[in-house]
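Trainee: Data file target-v7.cif (mmCIF, C-alpha atoms) is appended below.
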data_query
#
loop_
_atom_site.label_atom_id
_atom_site.label_comp_id
_atom_site.auth_asym_id
_atom_site.auth_seq_id
_atom_site.Cartn_x
_atom_site.Cartn_y
_atom_site.Cartn_z
CA MET A 223 -16.34 -27.25 13.32
CA LYS A 224 -15.93 -26.16 16.90
CA PRO A 225 -16.62 -22.42 16.78
CA HIS A 226 -16.24 -21.81 20.52
CA ASP A 227 -13.04 -23.78 20.90
CA GLU A 228 -10.46 -21.01 21.19
CA PRO A 229 -7.36 -23.05 20.23
CA PHE A 230 -9.30 -24.31 17.22
CA VAL A 231 -10.23 -20.74 16.23
CA GLN A 232 -6.58 -19.73 16.49
CA ARG A 233 -5.50 -22.60 14.28
CA LEU A 234 -8.30 -21.96 11.82
CA ALA A 235 -7.26 -18.31 11.57
CA GLU A 236 -3.67 -19.33 10.90
CA TYR A 237 -4.85 -21.84 8.30
CA LEU A 238 -7.13 -19.42 6.46
CA GLY A 239 -4.69 -16.54 6.90
CA GLY A 240 -1.93 -18.53 5.24
CA GLU A 241 0.25 -18.44 8.34
CA MET A 242 0.47 -22.19 8.82
CA ASP A 243 3.31 -24.18 7.31
CA ARG A 244 2.39 -26.66 4.60
CA ALA A 245 2.68 -29.85 6.65
CA GLU A 246 0.64 -28.44 9.50
CA ALA A 247 -1.97 -27.09 7.10
CA GLU A 248 -2.38 -30.53 5.55
CA ARG A 249 -2.67 -32.09 8.99
CA PHE A 250 -5.27 -29.51 10.00
CA ARG A 251 -7.30 -30.11 6.85
CA ALA A 252 -7.13 -33.89 7.38
CA GLU A 253 -8.37 -33.42 10.97
CA LEU A 254 -11.32 -31.42 9.75
CA THR A 255 -12.19 -33.97 7.10
CA ALA A 256 -11.95 -36.81 9.60
CA ASP A 257 -14.10 -34.83 12.02
CA GLY A 258 -17.01 -35.03 9.57
CA GLY A 259 -19.04 -31.92 8.89
CA GLY A 260 -15.99 -29.70 9.27
CA GLU A 261 -15.08 -29.56 5.63
CA GLU A 262 -18.21 -27.80 4.41
CA PRO A 263 -18.02 -24.79 6.76
CA LEU A 264 -14.33 -24.51 5.93
CA ALA A 265 -15.15 -24.47 2.23
CA GLY A 266 -17.71 -21.73 2.95
CA LEU A 267 -15.10 -19.60 4.74
CA GLU A 268 -12.61 -20.16 1.94
CA ALA A 269 -15.23 -19.16 -0.64
CA THR A 270 -15.99 -15.98 1.35
CA LEU A 271 -12.29 -15.14 1.40
CA ALA A 272 -12.00 -15.80 -2.32
CA ALA A 273 -14.98 -13.53 -3.00
CA LEU A 274 -13.40 -10.75 -0.90
CA ARG A 275 -10.10 -11.09 -2.75
CA ALA A 276 -11.85 -11.10 -6.12
CA ASP A 277 -13.11 -7.59 -5.41
CA LEU A 278 -9.60 -6.26 -5.06
CA VAL A 279 -7.81 -4.68 -8.01
CA PRO A 280 -4.01 -5.06 -8.19
CA LEU A 281 -2.08 -2.28 -6.47
CA GLU A 282 -0.33 -1.36 -9.74
CA GLN A 283 -3.68 -0.83 -11.44
CA ALA A 284 -4.90 1.25 -8.52
CA GLU A 285 -1.71 3.36 -8.71
CA ARG A 286 -2.20 3.88 -12.45
CA ASP A 287 -5.82 4.78 -11.92
CA MET A 288 -5.01 7.35 -9.29
CA ALA A 289 -1.98 8.70 -11.17
CA ALA A 290 -4.30 9.43 -14.09
CA TYR A 291 -6.36 11.42 -11.62
CA ASP A 292 -3.42 13.33 -10.18
CA VAL A 293 -4.81 16.46 -8.57
CA GLY A 294 -1.33 17.87 -8.02
CA ALA A 295 -0.62 17.84 -11.73
CA ALA A 296 -4.03 19.19 -12.69
CA PRO A 297 -3.89 22.56 -14.43
CA PRO A 298 -5.48 25.50 -12.62
CA LEU A 299 -9.23 25.45 -12.63
CA GLY A 300 -10.69 27.25 -15.61
CA LEU A 301 -7.70 26.35 -17.78
CA ARG A 302 -8.39 22.67 -18.06
CA SER A 303 -8.06 20.93 -21.35
CA GLY A 304 -11.03 19.34 -23.03
CA ARG A 305 -14.30 20.73 -24.22
CA GLY A 306 -15.08 22.75 -21.10
CA GLY A 307 -11.66 24.43 -21.11
CA THR A 308 -11.84 25.21 -24.82
CA ILE A 309 -15.30 26.75 -24.46
CA LEU A 310 -14.13 28.83 -21.53
CA ARG A 311 -11.05 30.10 -23.36
CA LEU A 312 -13.12 30.86 -26.47
CA THR A 313 -15.73 32.66 -24.40
CA ARG A 314 -13.07 34.72 -22.65
CA ALA A 315 -11.44 35.66 -25.97
CA LEU A 316 -14.79 36.64 -27.45
CA GLY A 317 -15.69 38.61 -24.37
CA ILE A 318 -12.41 40.55 -24.42
CA ALA A 319 -12.77 41.22 -28.16
CA ALA A 320 -16.34 42.42 -27.63
CA MET A 321 -15.28 44.70 -24.77
CA ILE A 322 -12.53 46.26 -26.91
CA ALA A 323 -14.92 46.73 -29.85
CA ILE A 324 -17.62 48.26 -27.64
CA GLY A 325 -15.01 50.46 -26.00
CA PHE A 326 -13.74 51.79 -29.30
CA ALA A 327 -17.24 52.26 -30.68
CA GLY A 328 -18.37 53.99 -27.51
CA GLY A 329 -15.36 56.25 -27.51
CA TYR A 330 -15.93 57.10 -31.15
CA PHE A 331 -19.61 58.02 -30.65
CA ALA A 332 -18.98 59.83 -27.37
CA ARG A 333 -16.65 62.20 -29.16
CA GLY A 334 -19.37 63.28 -31.59
CA LEU A 335 -19.61 60.83 -34.41
CA GLY A 336 -16.16 60.93 -35.79
CA ALA A 337 -13.81 63.59 -34.45
CA PRO A 338 -10.81 64.68 -36.55
CA ALA A 339 -7.93 62.26 -36.48
CA ALA A 340 -5.47 64.81 -35.05
CA GLU A 341 -6.88 65.47 -31.57
CA PRO A 342 -4.92 67.13 -28.79
CA ALA A 343 -3.15 64.68 -26.49
CA SER A 344 -5.29 65.64 -23.46
CA ASN A 345 -8.49 64.88 -25.35
CA ALA A 346 -7.07 61.55 -26.40
CA VAL A 347 -6.53 60.68 -22.74
CA ALA A 348 -10.07 61.79 -21.83
CA GLY A 349 -11.45 59.84 -24.75
CA GLY A 350 -9.47 56.82 -23.61
CA ALA A 351 -10.93 57.12 -20.09
CA GLU A 352 -14.43 57.30 -21.49
CA ALA A 353 -13.71 54.34 -23.68
CA GLY A 354 -12.49 52.48 -20.62
CA GLU A 355 -15.71 53.25 -18.75
CA LEU A 356 -17.73 52.14 -21.70
CA ALA A 357 -15.62 49.02 -21.94
CA ILE A 358 -16.51 48.22 -18.33
CA ALA A 359 -20.18 48.88 -19.10
CA GLY A 360 -19.77 46.72 -22.15
CA GLY A 361 -18.33 44.03 -19.97
CA ARG A 362 -21.33 44.22 -17.70
CA ALA A 363 -23.55 43.94 -20.71
CA ARG A 364 -21.96 40.67 -21.68
CA GLY A 365 -25.01 38.91 -20.34
CA GLU A 366 -27.07 40.60 -23.04
CA LEU A 367 -24.67 39.26 -25.60
CA ASP A 368 -25.20 35.84 -24.05
CA PHE A 369 -21.51 35.10 -23.59
CA ALA A 370 -21.94 34.14 -19.99
CA ALA A 371 -24.48 31.53 -20.97
CA ARG A 372 -21.74 29.74 -22.88
CA VAL A 373 -19.61 29.23 -19.76
CA PRO A 374 -20.36 25.76 -18.46
CA VAL A 375 -22.06 25.77 -15.07
CA VAL A 376 -19.57 23.17 -13.83
CA ILE A 377 -16.66 25.55 -14.29
CA GLN A 378 -18.49 28.39 -12.54
CA ASP A 379 -19.13 26.05 -9.59
CA ALA A 380 -15.53 24.88 -9.59
CA ALA A 381 -14.32 28.47 -9.44
CA GLU A 382 -16.57 29.09 -6.44
CA ARG A 383 -15.30 25.97 -4.74
CA PHE A 384 -11.74 26.98 -5.47
CA ALA A 385 -12.39 30.38 -3.86
CA LEU A 386 -13.93 28.68 -0.84
CA ALA A 387 -10.95 26.36 -0.59
CA GLN A 388 -8.60 29.36 -0.64
CA GLN A 389 -10.61 31.00 2.15
CA GLU A 390 -10.49 27.89 4.27
CA PHE A 391 -6.80 27.15 3.81
CA PRO A 392 -5.28 30.52 2.93
CA LYS A 393 -1.66 29.36 3.27
CA SER A 394 -1.85 25.86 1.91
CA SER A 395 -0.21 24.68 -1.28
CA SER A 396 -1.93 24.56 -4.65
CA PHE A 397 -2.20 20.82 -4.17
CA SER A 398 -4.51 21.22 -1.22
CA HIS A 399 -6.57 23.82 -3.05
CA ALA A 400 -7.01 21.42 -5.91
CA LEU A 401 -7.72 18.57 -3.55
CA LEU A 402 -10.33 20.55 -1.68
CA SER A 403 -11.91 21.69 -4.89
CA LEU A 404 -12.08 18.15 -6.19
CA ALA A 405 -13.37 16.81 -2.93
CA ARG A 406 -16.23 19.29 -3.05
CA ARG A 407 -17.08 18.48 -6.63
CA MET B 216 9.55 16.49 -5.14
CA GLU B 217 10.92 19.80 -4.12
CA SER B 218 8.75 20.38 -1.10
CA SER B 219 9.45 16.97 0.39
CA GLY B 220 13.19 17.50 -0.10
CA GLY B 221 12.97 20.70 1.89
CA PHE B 222 11.20 18.98 4.71
CA ARG B 223 13.62 16.06 4.70
CA LYS B 224 16.45 18.56 5.18
CA ALA B 225 14.52 20.07 8.06
CA GLY B 226 14.18 16.61 9.55
CA ALA B 227 10.46 17.09 9.97
CA LEU B 228 9.24 14.41 7.66
CA HIS B 229 9.06 10.64 7.82
CA TYR B 230 7.12 8.97 5.02
CA GLY B 231 4.67 11.80 4.82
CA ILE B 232 4.22 12.10 8.55
CA ARG B 233 4.65 15.45 10.21
CA ASN B 234 6.60 15.55 13.43
CA THR B 235 4.27 17.25 15.89
CA LYS B 236 6.85 19.54 17.40
CA TYR B 237 4.77 22.62 16.69
CA GLY B 238 2.62 24.07 19.42
CA ALA B 239 -1.03 25.01 19.12
CA ARG B 240 -0.07 28.70 18.82
CA GLU B 241 1.65 27.93 15.52
CA THR B 242 -1.47 26.65 13.81
CA LYS B 243 -0.86 28.47 10.53
CA GLU B 244 2.63 27.05 10.20
CA CYS B 245 1.23 23.63 10.97
CA ARG B 246 -1.31 24.03 8.21
CA VAL B 247 1.39 24.81 5.67
CA THR B 248 3.44 21.85 6.90
CA ALA B 249 0.42 19.58 6.89
CA SER B 250 -0.48 20.51 3.34
CA ILE B 251 3.01 19.68 2.09
CA ASP B 252 3.14 16.46 4.08
CA ALA B 253 -0.30 15.61 2.78
CA GLU B 254 1.01 15.90 -0.75
CA LEU B 255 3.79 13.40 -0.08
CA CYS B 256 1.45 11.15 1.84
CA TYR B 257 -1.05 11.41 -1.00
CA ARG B 258 1.50 10.41 -3.62
CA GLN B 259 2.77 7.50 -1.56
CA HIS B 260 -0.52 6.06 -0.42
CA ARG B 261 -3.20 7.16 -2.88
CA GLY B 262 -3.08 3.83 -4.77
CA ARG B 263 -3.48 1.85 -1.59
CA VAL B 264 -6.36 3.99 -0.30
CA TYR B 265 -8.05 3.94 -3.70
CA ARG B 266 -7.70 0.15 -3.83
CA TRP B 267 -9.41 -0.27 -0.45
CA ALA B 268 -12.09 2.22 -1.40
CA LEU B 269 -12.76 0.55 -4.73
CA ALA B 270 -13.04 -2.86 -3.10
CA MET B 271 -15.51 -1.46 -0.58
CA CYS B 272 -17.50 0.82 -2.89
CA GLY B 273 -17.32 -0.97 -6.21
CA GLN B 274 -17.42 2.21 -8.29
CA ARG B 275 -14.36 4.04 -9.52
CA ALA B 276 -16.00 7.44 -9.13
CA ASP B 277 -16.96 6.64 -5.53
CA ALA B 278 -13.46 5.31 -4.86
CA HIS B 279 -11.94 8.56 -6.15
CA ASP B 280 -14.28 10.57 -3.94
CA VAL B 281 -13.46 8.44 -0.91
CA THR B 282 -9.72 8.73 -1.58
CA HIS B 283 -9.93 12.50 -1.74
CA GLU B 284 -12.10 12.66 1.33
CA VAL B 285 -9.50 10.59 3.24
CA PHE B 286 -6.69 12.96 2.28
CA LEU B 287 -8.90 15.94 2.96
CA ARG B 288 -9.25 14.64 6.52
CA PHE B 289 -5.47 14.30 6.61
CA LEU B 290 -5.22 17.97 5.70
CA ARG B 291 -7.75 19.06 8.28
CA ALA B 292 -6.37 16.97 11.13
CA PRO B 293 -3.04 15.28 10.38
CA PRO B 294 -2.57 12.07 12.37
CA GLN B 295 -0.26 12.16 15.35
CA VAL B 296 1.75 9.12 14.30
CA SER B 297 5.46 8.46 14.08
CA ALA B 298 5.81 5.25 12.03
CA PRO B 299 4.86 4.40 8.44
CA ALA B 300 2.83 1.39 9.56
CA ALA B 301 0.84 3.59 11.92
CA LEU B 302 0.09 5.99 9.08
CA VAL B 303 -1.17 3.11 6.92
CA ALA B 304 -3.33 1.94 9.81
CA TRP B 305 -4.69 5.47 10.22
CA LEU B 306 -5.46 5.68 6.49
CA ARG B 307 -7.18 2.29 6.59
CA THR B 308 -9.34 3.31 9.54
CA VAL B 309 -10.30 6.63 7.95
CA THR B 310 -11.03 4.96 4.60
CA SER B 311 -13.29 2.45 6.31
CA ARG B 312 -15.11 5.23 8.19
CA VAL B 313 -15.52 7.39 5.10
CA VAL B 314 -16.97 4.47 3.14
CA ILE B 315 -19.33 3.54 5.98
CA ASP B 316 -20.40 7.18 6.34
CA ARG B 317 -21.21 7.30 2.64
CA TRP B 318 -23.22 4.09 2.89
CA ARG B 319 -25.13 5.46 5.87
CA ARG B 320 -25.86 8.69 4.06
CA ARG B 321 -27.28 6.65 1.21
CA ARG B 322 -29.02 4.41 3.78
CA GLU B 323 -27.75 1.31 2.07
CA ALA B 324 -24.59 -0.45 1.05
CA PRO B 325 -23.40 0.07 -2.53
CA LEU B 326 -25.17 -1.77 -5.25
CA ALA B 327 -22.65 -1.68 -8.03
CA ALA B 328 -19.92 -4.11 -8.89
CA VAL B 329 -16.31 -3.08 -9.38
CA ASP B 330 -15.96 -1.50 -12.80
CA GLU B 331 -13.98 -3.90 -14.95
CA PRO B 332 -14.00 -2.51 -18.47
CA ASP B 333 -11.15 -4.74 -19.65
CA GLN B 334 -12.68 -8.04 -18.59
CA PRO B 335 -15.60 -8.99 -20.78
CA ALA B 336 -17.45 -12.12 -19.65
CA GLY B 337 -20.75 -13.84 -20.10
CA PRO B 338 -23.74 -11.78 -18.96
CA GLU B 339 -25.06 -14.48 -16.60
CA ARG B 340 -21.71 -14.96 -14.95
CA ASP B 341 -21.32 -11.18 -14.67
CA LEU B 342 -24.71 -10.85 -13.05
CA GLU B 343 -24.01 -13.64 -10.59
CA GLN B 344 -20.66 -12.18 -9.63
CA GLU B 345 -22.17 -8.74 -9.30
CA GLU B 346 -24.87 -9.99 -6.94
CA THR B 347 -22.29 -11.79 -4.81
CA ARG B 348 -20.19 -8.66 -4.59
CA GLN B 349 -23.15 -6.48 -3.68
CA ARG B 350 -24.03 -8.79 -0.83
CA LEU B 351 -20.43 -9.08 0.21
CA ARG B 352 -20.17 -5.30 0.57
CA ARG B 353 -23.40 -5.13 2.54
CA CYS B 354 -22.00 -7.78 4.88
CA LEU B 355 -18.74 -5.86 5.21
CA ALA B 356 -20.69 -2.76 6.22
CA ARG B 357 -22.41 -4.66 9.02
CA LEU B 358 -19.25 -5.92 10.69
CA SER B 359 -17.86 -4.19 13.75
CA GLU B 360 -15.13 -1.66 12.97
CA GLN B 361 -12.36 -3.83 14.43
CA GLN B 362 -13.52 -6.89 12.53
CA ARG B 363 -13.64 -4.86 9.33
CA LEU B 364 -10.17 -3.39 9.90
CA VAL B 365 -8.68 -6.81 10.64
CA LEU B 366 -10.27 -8.20 7.50
CA MET B 367 -9.06 -5.26 5.39
CA ALA B 368 -5.51 -5.56 6.72
CA LYS B 369 -5.40 -9.32 6.25
CA VAL B 370 -7.29 -9.78 2.99
CA TYR B 371 -6.57 -6.51 1.20
CA ASP B 372 -3.01 -5.93 2.39
CA GLY B 373 -1.87 -9.45 3.24
CA GLN B 374 -0.51 -8.44 6.63
CA THR B 375 0.36 -11.00 9.27
CA PHE B 376 -1.75 -11.28 12.41
CA GLU B 377 1.17 -9.95 14.44
CA GLN B 378 1.49 -6.86 12.26
CA ILE B 379 -2.24 -6.22 12.51
CA ALA B 380 -2.11 -6.69 16.28
CA ARG B 381 0.69 -4.11 16.56
CA GLU B 382 -1.17 -1.65 14.34
CA LEU B 383 -4.44 -1.93 16.20
CA GLY B 384 -2.90 -2.28 19.66
CA LEU B 385 -4.52 -5.66 20.22
CA ALA B 386 -3.25 -9.09 21.26
CA THR B 387 -2.51 -11.45 18.36
CA PRO B 388 -5.05 -14.09 19.52
CA THR B 389 -7.71 -11.36 19.64
CA VAL B 390 -6.92 -10.38 16.05
CA LYS B 391 -7.20 -14.00 14.96
CA THR B 392 -10.56 -14.30 16.71
CA HIS B 393 -11.78 -11.09 15.02
CA TYR B 394 -10.67 -12.50 11.67
CA ILE B 395 -12.56 -15.77 12.06
CA ARG B 396 -15.66 -14.10 13.52
CA ALA B 397 -15.73 -11.58 10.67
CA LEU B 398 -15.40 -14.31 8.06
CA ALA B 399 -18.00 -16.48 9.80
CA ALA B 400 -20.44 -13.56 10.06
CA MET B 401 -19.99 -12.79 6.39
CA ARG B 402 -20.38 -16.42 5.41
CA GLU B 403 -23.59 -16.71 7.43
CA ARG B 404 -25.06 -13.55 5.93
CA LEU B 405 -24.06 -14.56 2.44
CA ALA B 406 -25.50 -18.02 2.95
CA ALA B 407 -28.72 -16.44 4.22
CA CYS B 408 -28.92 -14.60 0.92
CA SER B 409 -29.59 -17.96 -0.76
CA ASP B 410 -27.80 -19.30 -3.80
CA LEU B 411 -24.58 -17.40 -4.09
CA GLY B 412 -21.21 -18.63 -5.14
CA VAL B 413 -20.57 -19.17 -1.44
CA GLN B 414 -21.80 -22.42 -0.02
CA PRO B 415 -23.39 -22.34 3.43
#
Spell out the structure here as structure tokens.
Mentor:
Amino acid sequence: MKPHDEPFVQRLAEYLGGEMDRAEAERFRAELTADGGGEEPLAGLEATLAALRADLVPLEQAERDMAAYDVGAAPPLGLRSGRGGTILRLTRALGIAAMIAIGFAGGYFARGLGAPAAEPASNAVAGGAEAGELAIAGGRARGELDFAARVPVVIQDAAERFALAQQEFPKSSSFSHALLSLARR
Amino acid sequence: MESSGGFRKAGALHYGIRNTKYGARETKECRVTASIDAELCYRQHRGRVYRWALAMCGQRADAHDVTHEVFLRFLRAPPQVSAPAALVAWLRTVTSRVVIDRWRRRREAPLAAVDEPDQPAGPERDLEQEETRQRLRRCLARLSEQQRLVLMAKVYDGQTFEQIARELGLATPTVKTHYIRALAAMRERLAACSDLGVQP
């Protein structure tokens, strides 16, 4: 090996880079063998190259891998499939049902433990407003009912990140929102 | 893709590259354009970026993170390039920097081998290969940026020395020298790490 011989380095690069025609490559290899002591370093360089190439997955596999992780096609955060998404949807449904129930119960008790069925229309509206207020209060009390505890922390964080992404890029597409959210995961 | 079609009609898109005809005063418009171009660029080049990242990191999760970080940088500051090859070169440079940044943050090169769930092999052979790969990645991290980029372009993408020279704005003999020096440096470091698959 003649590491400081520039023409040799150029030829070696062409040889190892596969840019030498077959006849010339054979001639170059024969020169190195005849030189004595040149074959071993060459084998070392070839082994290094082989090790580098071995670490590389085929492009098709990489494409498949990334396509399976397509952020553009990902459903909106909070509506994802899987266990987390199911728990979130269930929690939301339970929360809404609880709010409605508390609202009705609150409205019923606020009107004096069972008012006659035929109330004037104006009272019905007032009762509805009260029920609405109580529903909001009921919503705030969801923590007591431990619904919030069922929402996975990951999803809460993702929602925050999504909001942050929207702040940072207010006019960007949903793709970039998703990308930013994923990048901050 | 609907968005890309729209931009093709407008003549503002070439392989996911935004024509930089917009002035600085139109930053918001640029952002919208960049995000759409980023989507096209992402779909066209995600596999390639992921492949580089996986080869350099060894972990699929890390490679996904690196890929998204690269395209996030595209969103934040789209490259001022006008040819597909230049975009690939930009992506390669950014990928390399993102991976190196991650390694520096962790204060060491990655320790894991590439995940290969579909290729069961003997445990001893696996271990040996894993060790070689770990050391190989450490060596890759210690190369100069130009050496690393030349090696990535040549080994990972199979580009010719002339193509690499054009991409990096270097003379072809310089690229060849970088290639041999990078390989020699890696061989020496690997050999210094005793009995690997690579002979000194």
Trainee: Rounded to one decimal, what separation in Å do you get between CA of Phe286 in chain B and CA of Tyr257 in chain B?
Mentor: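 Result for CA of Phe286 in chain B versus CA of Tyr257 in chain B: 6.7 Å, one decimal.
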Trainee: Which residues come within 9 Å of Phe250 in chain A, counting only C-alpha atoms, excluding same-chain residues fewer than 3 positions away, as an mmCIF file with C-alpha atoms, in the frame of the given file?
Mentor:
data_model
loop_
_atom_site.group_PDB
_atom_site.id
_atom_site.type_symbol
_atom_site.label_atom_id
_atom_site.label_comp_id
_atom_site.auth_asym_id
_atom_site.auth_seq_id
_atom_site.Cartn_x
_atom_site.Cartn_y
_atom_site.Cartn_z
ATOM 1 C CA ARG A 233 -5.500 -22.600 14.280
ATOM 2 C CA LEU A 234 -8.300 -21.960 11.820
ATOM 3 C CA TYR A 237 -4.850 -21.840 8.300
ATOM 4 C CA ALA A 245 2.680 -29.850 6.650
ATOM 5 C CA GLU A 246 0.640 -28.440 9.500
ATOM 6 C CA ALA A 247 -1.970 -27.090 7.100
ATOM 7 C CA GLU A 253 -8.370 -33.420 10.970
ATOM 8 C CA LEU A 254 -11.320 -31.420 9.750
ATOM 9 C CA THR A 255 -12.190 -33.970 7.100
#
Trainee: Which of these residues is nearest to Ala276 in chain A, using all atoms listed in the file: B:Arg348, B:Lys369, B:His260, B:Arg381?
Mentor: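 Answer, going by the shortest atom-to-atom distance: B:Arg348.
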Trainee: Using the chain letters and numbers from the file, give me the residues hit by the PyMOL selection byres ((chain B and resi 309) around 12), as a compact mmCIF listing (two decimals) with C-alpha atoms, keeping the file's coordinate frame.
Mentor:
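Generated file (part_39.txt):
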# COMPACT_ATOMS: atom_id res chain seq x y z
CA VAL B 264 -6.36 3.99 -0.30
CA TRP B 267 -9.41 -0.27 -0.45
CA ALA B 268 -12.09 2.22 -1.40
CA VAL B 281 -13.46 8.44 -0.91
CA THR B 282 -9.72 8.73 -1.58
CA HIS B 283 -9.93 12.50 -1.74
CA GLU B 284 -12.10 12.66 1.33
CA VAL B 285 -9.50 10.59 3.24
CA PHE B 286 -6.69 12.96 2.28
CA LEU B 287 -8.90 15.94 2.96
CA ARG B 288 -9.25 14.64 6.52
CA PHE B 289 -5.47 14.30 6.61
CA ALA B 292 -6.37 16.97 11.13
CA PRO B 293 -3.04 15.28 10.38
CA PRO B 294 -2.57 12.07 12.37
CA LEU B 302 0.09 5.99 9.08
CA VAL B 303 -1.17 3.11 6.92
CA ALA B 304 -3.33 1.94 9.81
CA TRP B 305 -4.69 5.47 10.22
CA LEU B 306 -5.46 5.68 6.49
CA ARG B 307 -7.18 2.29 6.59
CA THR B 308 -9.34 3.31 9.54
CA THR B 310 -11.03 4.96 4.60
CA SER B 311 -13.29 2.45 6.31
CA ARG B 312 -15.11 5.23 8.19
CA VAL B 313 -15.52 7.39 5.10
CA VAL B 314 -16.97 4.47 3.14
CA ILE B 315 -19.33 3.54 5.98
CA ASP B 316 -20.40 7.18 6.34
CA GLU B 360 -15.13 -1.66 12.97
CA LEU B 364 -10.17 -3.39 9.90
Trainee: Distance CA of Gly262 in chain B-CA of Gln378 in chain B, one decimal place?
Mentor: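 Separation between CA of Gly262 in chain B and CA of Gln378 in chain B: 20.6 Å.
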Trainee: Choose the residue, out of A:Pro280, A:Gly240, A:Gly259, A:Pro229, that has the smallest atom-to-atom separation from Thr389 in chain B; count only C-alpha atoms.
Mentor: A:Pro229
Trainee: Expanded to explicit residues, what is the PyMOL selection byres ((chain B and resi 363) around 12) for this file, as a PDB file with C-alpha atoms, in the coordinates of the input?
Mentor:
ATOM      1  CA  LEU A 274     -13.400 -10.750  -0.900  1.00  0.00           C
TER       2      LEU A 274
ATOM      3  CA  TRP B 267      -9.410  -0.270  -0.450  1.00  0.00           C
ATOM      4  CA  MET B 271     -15.510  -1.460  -0.580  1.00  0.00           C
ATOM      5  CA  ARG B 307      -7.180   2.290   6.590  1.00  0.00           C
ATOM      6  CA  THR B 308      -9.340   3.310   9.540  1.00  0.00           C
ATOM      7  CA  THR B 310     -11.030   4.960   4.600  1.00  0.00           C
ATOM      8  CA  SER B 311     -13.290   2.450   6.310  1.00  0.00           C
ATOM      9  CA  ARG B 312     -15.110   5.230   8.190  1.00  0.00           C
ATOM     10  CA  VAL B 314     -16.970   4.470   3.140  1.00  0.00           C
ATOM     11  CA  ILE B 315     -19.330   3.540   5.980  1.00  0.00           C
ATOM     12  CA  ARG B 352     -20.170  -5.300   0.570  1.00  0.00           C
ATOM     13  CA  ARG B 353     -23.400  -5.130   2.540  1.00  0.00           C
ATOM     14  CA  CYS B 354     -22.000  -7.780   4.880  1.00  0.00           C
ATOM     15  CA  LEU B 355     -18.740  -5.860   5.210  1.00  0.00           C
ATOM     16  CA  ALA B 356     -20.690  -2.760   6.220  1.00  0.00           C
ATOM     17  CA  ARG B 357     -22.410  -4.660   9.020  1.00  0.00           C
ATOM     18  CA  LEU B 358     -19.250  -5.920  10.690  1.00  0.00           C
ATOM     19  CA  SER B 359     -17.860  -4.190  13.750  1.00  0.00           C
ATOM     20  CA  GLU B 360     -15.130  -1.660  12.970  1.00  0.00           C
ATOM     21  CA  GLN B 361     -12.360  -3.830  14.430  1.00  0.00           C
ATOM     22  CA  GLN B 362     -13.520  -6.890  12.530  1.00  0.00           C
ATOM     23  CA  LEU B 364     -10.170  -3.390   9.900  1.00  0.00           C
ATOM     24  CA  VAL B 365      -8.680  -6.810  10.640  1.00  0.00           C
ATOM     25  CA  LEU B 366     -10.270  -8.200   7.500  1.00  0.00           C
ATOM     26  CA  MET B 367      -9.060  -5.260   5.390  1.00  0.00           C
ATOM     27  CA  ALA B 368      -5.510  -5.560   6.720  1.00  0.00           C
ATOM     28  CA  LYS B 369      -5.400  -9.320   6.250  1.00  0.00           C
ATOM     29  CA  VAL B 370      -7.290  -9.780   2.990  1.00  0.00           C
ATOM     30  CA  TYR B 371      -6.570  -6.510   1.200  1.00  0.00           C
ATOM     31  CA  ILE B 379      -2.240  -6.220  12.510  1.00  0.00           C
ATOM     32  CA  LEU B 383      -4.440  -1.930  16.200  1.00  0.00           C
ATOM     33  CA  VAL B 390      -6.920 -10.380  16.050  1.00  0.00           C
ATOM     34  CA  HIS B 393     -11.780 -11.090  15.020  1.00  0.00           C
ATOM     35  CA  TYR B 394     -10.670 -12.500  11.670  1.00  0.00           C
ATOM     36  CA  ILE B 395     -12.560 -15.770  12.060  1.00  0.00           C
ATOM     37  CA  ARG B 396     -15.660 -14.100  13.520  1.00  0.00           C
ATOM     38  CA  ALA B 397     -15.730 -11.580  10.670  1.00  0.00           C
ATOM     39  CA  LEU B 398     -15.400 -14.310   8.060  1.00  0.00           C
ATOM     40  CA  ALA B 400     -20.440 -13.560  10.060  1.00  0.00           C
ATOM     41  CA  MET B 401     -19.990 -12.790   6.390  1.00  0.00           C
TER      42      MET B 401
END
Trainee: Just to confirm, what's the straight-line distance from CA of Arg275 in chain A to CA of Cys272 in chain B in Å (one decimal)?
Mentor: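 Going from CA of Arg275 in chain A over to CA of Cys272 in chain B, I get 14.0 Å.
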Trainee: Which one is closest to chain A: B:Phe376, B:Val296, B:Ala407, B:Cys256? Count all atoms listed in the file.
Mentor: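 Smallest distance to chain A is found for B:Phe376.
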Trainee: May I have the protein, DNA and RNA residues with an atom at most 6 Å from (-2.5, -11.2, 16.2), counting all atoms listed in the file in the file's coordinates, returned as a list in words?
Mentor: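 With a cut-off of 6 Å, the residues come to Phe376, Glu377, Ala380, Ala386, Thr387, Pro388, Val390 and Lys391 of chain B.
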Trainee: Ranking A:Leu312, A:Asp227, A:Gly239, A:Ala327 by minimum distance to chain B and counting only C-alpha atoms, which one comes first?
Mentor: A:Gly239
Trainee: With distances taken over all atoms listed in the file, which of B:Ala278, B:Arg404, B:Thr392, B:Ala300 is nearest to chain A?
Mentor: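 Of B:Ala278, B:Arg404, B:Thr392, B:Ala300, the one nearest chain A, counting all atoms listed in the file, is B:Thr392.
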Trainee: Range 284-287 of chain A: which residues within 8 Å, counting all atoms listed in the file, same-chain residues fewer than 6 positions away excluded, as a ChimeraX atom specification?
Mentor: /B:261-263,265-266
Trainee: Let me make sure I understand: among B:Asp372, B:Glu403, B:Glu346, B:Glu382, which one has the smallest atom-to-atom distance to Leu278 in chain A if we use all atoms listed in the file?
Mentor: B:Asp372
